[in-house]
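Here is run24.cif, consisting of mmCIF, C-alpha atoms:
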data_upload
loop_
_atom_site.label_atom_id
_atom_site.label_comp_id
_atom_site.auth_asym_id
_atom_site.auth_seq_id
_atom_site.Cartn_x
_atom_site.Cartn_y
_atom_site.Cartn_z
CA MET A 99 0.00 0.00 0.00
CA ALA A 100 1.42 3.37 -1.04
CA ASP A 101 1.63 6.34 1.32
CA ALA A 102 0.97 8.62 -1.65
CA MET A 103 0.05 8.48 -5.32
CA PHE A 104 1.02 11.18 -7.77
CA LYS A 105 0.06 11.72 -11.39
CA ILE A 106 2.84 13.18 -13.55
CA VAL A 107 2.06 14.37 -17.08
CA PHE A 108 4.89 14.52 -19.64
CA PHE A 109 4.36 16.98 -22.49
CA GLY A 110 6.30 18.65 -25.28
CA ASP A 111 6.84 18.38 -29.02
CA GLY A 112 7.06 15.02 -30.75
CA GLY A 113 10.53 13.50 -31.03
CA VAL A 114 12.07 15.21 -27.99
CA GLY A 115 12.51 11.93 -26.11
CA LYS A 116 9.60 11.75 -23.66
CA THR A 117 8.84 8.07 -24.28
CA THR A 118 12.53 7.14 -24.41
CA LEU A 119 13.19 8.88 -21.07
CA ILE A 120 10.20 7.21 -19.40
CA ASN A 121 11.23 3.79 -20.73
CA ARG A 122 14.81 4.33 -19.53
CA TYR A 123 13.48 5.23 -16.06
CA LEU A 124 11.11 2.25 -15.89
CA THR A 125 13.41 -0.40 -17.36
CA GLY A 126 16.94 1.00 -17.08
CA VAL A 127 17.37 0.30 -20.79
CA PHE A 128 17.84 2.77 -23.65
CA LYS A 129 15.77 1.95 -26.71
CA SER A 130 16.49 4.13 -29.73
CA ASP A 131 13.62 2.72 -31.77
CA SER A 132 10.64 4.23 -29.93
CA VAL A 133 7.57 4.66 -32.08
CA ILE A 134 5.31 7.70 -32.09
CA THR A 135 2.96 7.87 -29.11
CA ILE A 136 -0.69 7.84 -30.16
CA GLY A 137 -2.77 9.94 -27.74
CA VAL A 138 -1.35 9.01 -24.35
CA ASP A 139 0.55 6.14 -22.72
CA PHE A 140 0.22 5.36 -19.04
CA HIS A 141 2.72 3.70 -16.67
CA VAL A 142 2.97 3.11 -12.91
CA LYS A 143 6.20 2.97 -10.90
CA LYS A 144 6.41 2.39 -7.17
CA VAL A 145 9.32 4.12 -5.47
CA GLU A 146 10.49 4.91 -1.96
CA ILE A 147 11.27 8.51 -1.11
CA ALA A 148 12.13 9.68 2.41
CA ASP A 149 10.80 6.44 3.94
CA LYS A 150 7.47 6.88 2.14
CA ARG A 151 6.11 4.46 -0.43
CA VAL A 152 5.07 6.50 -3.44
CA SER A 153 3.19 5.33 -6.50
CA LEU A 154 3.91 7.42 -9.59
CA GLN A 155 1.37 7.42 -12.40
CA ILE A 156 3.35 8.54 -15.43
CA TRP A 157 1.28 9.87 -18.34
CA ASP A 158 3.23 10.18 -21.59
CA PHE A 159 1.34 12.61 -23.80
CA ALA A 160 1.79 12.56 -27.58
CA GLY A 161 3.64 15.56 -28.98
CA GLU A 162 1.96 15.72 -32.37
CA ASP A 163 -0.36 18.68 -33.01
CA ARG A 164 -3.31 16.46 -33.84
CA PHE A 165 -3.45 15.16 -30.24
CA ARG A 166 -3.07 18.47 -28.39
CA PHE A 167 -6.81 19.04 -28.01
CA LEU A 168 -6.94 15.92 -25.78
CA MET A 169 -4.34 17.11 -23.31
CA PRO A 170 -6.41 19.31 -20.96
CA SER A 171 -8.64 16.35 -20.05
CA TYR A 172 -5.58 14.17 -19.31
CA VAL A 173 -4.05 16.84 -17.07
CA VAL A 174 -7.05 16.81 -14.70
CA GLY A 175 -5.90 15.40 -11.36
CA ALA A 176 -2.21 15.85 -12.14
CA SER A 177 0.15 16.42 -9.22
CA GLY A 178 2.92 17.63 -11.50
CA GLY A 179 4.10 18.03 -15.04
CA ILE A 180 7.31 17.65 -16.98
CA PHE A 181 7.77 19.76 -20.08
CA MET A 182 10.47 18.29 -22.30
CA PHE A 183 12.38 19.78 -25.18
CA ASP A 184 15.42 18.68 -27.19
CA ILE A 185 18.55 20.77 -26.45
CA THR A 186 19.68 20.20 -30.06
CA ARG A 187 16.43 21.47 -31.61
CA TYR A 188 15.56 25.08 -30.79
CA THR A 189 12.13 24.69 -32.41
CA SER A 190 11.16 22.19 -29.67
CA LEU A 191 11.37 25.04 -27.15
CA ARG A 192 9.58 27.54 -29.37
CA ASN A 193 6.21 25.84 -28.70
CA PHE A 194 6.64 26.04 -24.92
CA ASN A 195 4.04 28.80 -24.47
CA ASP A 196 1.41 26.75 -26.33
CA TRP A 197 2.18 23.65 -24.27
CA ILE A 198 2.09 25.44 -20.92
CA GLU A 199 -1.26 27.06 -21.80
CA ILE A 200 -2.72 23.66 -22.72
CA PHE A 201 -1.39 22.24 -19.44
CA LYS A 202 -2.91 25.12 -17.44
CA LYS A 203 -6.31 24.53 -19.06
CA GLY A 204 -6.52 21.09 -17.49
CA TYR A 205 -4.65 21.76 -14.25
CA ARG A 206 -7.03 22.40 -11.34
CA GLY A 207 -4.59 23.69 -8.74
CA ASP A 208 -3.08 27.12 -8.13
CA SER A 209 -1.36 27.92 -11.43
CA ASP A 210 1.23 30.09 -9.63
CA GLN A 211 2.34 27.01 -7.74
CA MET A 212 2.03 24.68 -10.69
CA PRO A 213 4.61 21.93 -10.15
CA VAL A 214 6.12 21.77 -13.64
CA LEU A 215 9.73 20.85 -14.20
CA MET A 216 11.41 21.80 -17.48
CA VAL A 217 13.69 19.11 -18.87
CA GLY A 218 16.17 19.45 -21.72
CA SER A 219 16.83 16.07 -23.34
CA LYS A 220 19.64 14.55 -25.40
CA LEU A 221 22.46 15.83 -23.21
CA ASP A 222 24.69 13.16 -24.79
CA LEU A 223 24.51 15.36 -27.93
CA GLU A 224 25.95 18.39 -26.10
CA TYR A 225 28.18 19.13 -29.11
CA LYS A 226 25.01 19.78 -31.18
CA ARG A 227 23.43 22.04 -28.53
CA ALA A 228 21.09 24.70 -29.99
CA VAL A 229 19.52 25.89 -26.70
CA SER A 230 21.75 27.30 -23.98
CA ARG A 231 21.18 26.25 -20.36
CA GLU A 232 20.79 29.93 -19.49
CA ASP A 233 17.99 30.51 -22.04
CA ALA A 234 16.09 27.42 -20.89
CA PHE A 235 16.57 28.27 -17.22
CA GLU A 236 15.37 31.85 -17.80
CA LEU A 237 12.26 30.60 -19.61
CA ALA A 238 11.51 28.20 -16.75
CA LYS A 239 11.96 31.01 -14.20
CA GLU A 240 9.85 33.45 -16.22
CA HIS A 241 6.94 30.98 -16.13
CA ASN A 242 7.35 30.08 -12.43
CA LEU A 243 8.31 26.49 -13.15
CA ILE A 244 9.77 24.56 -10.23
CA GLY A 245 13.10 23.91 -11.87
CA TYR A 246 15.19 23.00 -14.86
CA LEU A 247 17.25 19.85 -15.47
CA GLU A 248 18.99 18.29 -18.45
CA CYS A 249 19.25 14.58 -19.13
CA SER A 250 20.26 11.86 -21.52
CA ALA A 251 18.07 8.78 -21.82
CA LYS A 252 20.88 7.28 -23.90
CA ASP A 253 23.59 7.32 -21.23
CA GLY A 254 21.24 7.59 -18.22
CA GLN A 255 22.53 10.99 -17.08
CA ASN A 256 20.04 12.61 -14.62
CA VAL A 257 17.20 10.21 -15.51
CA GLY A 258 16.59 9.13 -11.91
CA GLU A 259 17.18 12.67 -10.65
CA ILE A 260 14.29 14.02 -12.73
CA PHE A 261 11.83 11.64 -11.14
CA GLN A 262 13.36 12.10 -7.67
CA GLU A 263 13.07 15.89 -7.97
CA ILE A 264 9.49 16.00 -9.25
CA SER A 265 8.47 13.42 -6.62
CA ARG A 266 10.14 15.35 -3.81
CA LEU A 267 8.45 18.59 -4.90
CA MET A 268 5.03 16.94 -5.18
CA MET A 269 5.50 15.42 -1.70
CA ILE A 270 6.36 18.85 -0.27
CA ARG A 271 3.22 20.30 -1.86
CA ALA A 272 1.16 17.43 -0.43
CA GLY A 273 2.61 18.04 3.06
CA LEU A 274 4.42 14.68 3.17
CA PHE A 275 7.94 16.10 3.56
#

Please rewrite the model in this file as structure tokens.
Amino acid sequence: MADAMFKIVFFGDGGVGKTTLINRYLTGVFKSDSVITIGVDFHVKKVEIADKRVSLQIWDFAGEDRFRFLMPSYVVGASGGIFMFDITRYTSLRNFNDWIEIFKKGYRGDSDQMPVLMVGSKLDLEYKRAVSREDAFELAKEHNLIGYLECSAKDGQNVGEIFQEISRLMMIRAGLF
């Protein structure tokens, strides 16, 4: 029996690595052949954080435009969100404002305290970086997001930390920390 259950919604443009990151977290394995997510995928992972048993419901939302209208209904009941973009593709950050507005439409809590973490993916491709850490961090700060991290699903860099951080922040908000 879990002490807490949290719903986390992943969102961002298609091809930024949402599904690959989630699969790496769940299985510890990098799969480069992920197929396009249709609508939404749903996973559950049980973890222990600060002596509490936490059940994470991980909702992987499709990044293609044709599915965006569905997102507000999937965000209902979310405890937190993770906006992902590809550090090698500046265009994947350009749609941030659209994504955050769609997320806010479905989020029922206080939007000033909205627990959304911004994540830059594909850190293993640092040499192809198109978005500076500073620009991404500033955008996250400007929109009152709870933080900014970068990761690589390929080499595992910061994968666990992303889920630890969002879980810790959701636990604080829920009064469990």

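With distances restricted to all atoms listed in the file, A:Met216 is the closest residue to Glu263 (chain A) from A:Met216, A:Ala100, A:Ala160, A:Ala251.
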
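Against this structure, the PyMOL selection byres ((chain A and resi 105-109) around 6) ends up with Phe104, Gly110, Gln155, Ile156, Trp157, Asp158, Phe159, Ala176, Ser177, Gly178, Gly179, Ile180 and Phe181 of chain A.
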
When the PyMOL selection byres ((chain A and resi 266) around 12) is applied to the file above, which residues end up in the set, as a PyMOL selection string?
chain A and resi 102+104+145-150+152+154+177-178+213+215+244+259-265+267-275

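Atom pair CA of Glu236 (chain A) / CA of Gln255 (chain A) has a distance of 22.1 Å (rounded to one decimal).
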
Just say which residues the PyMOL selection byres ((chain A and resi 190) around 12) picks in this file, as an MDAnalysis selection string.
chainID A and resid 109:115 161:162 181:189 191:197 217:219 228:229 234
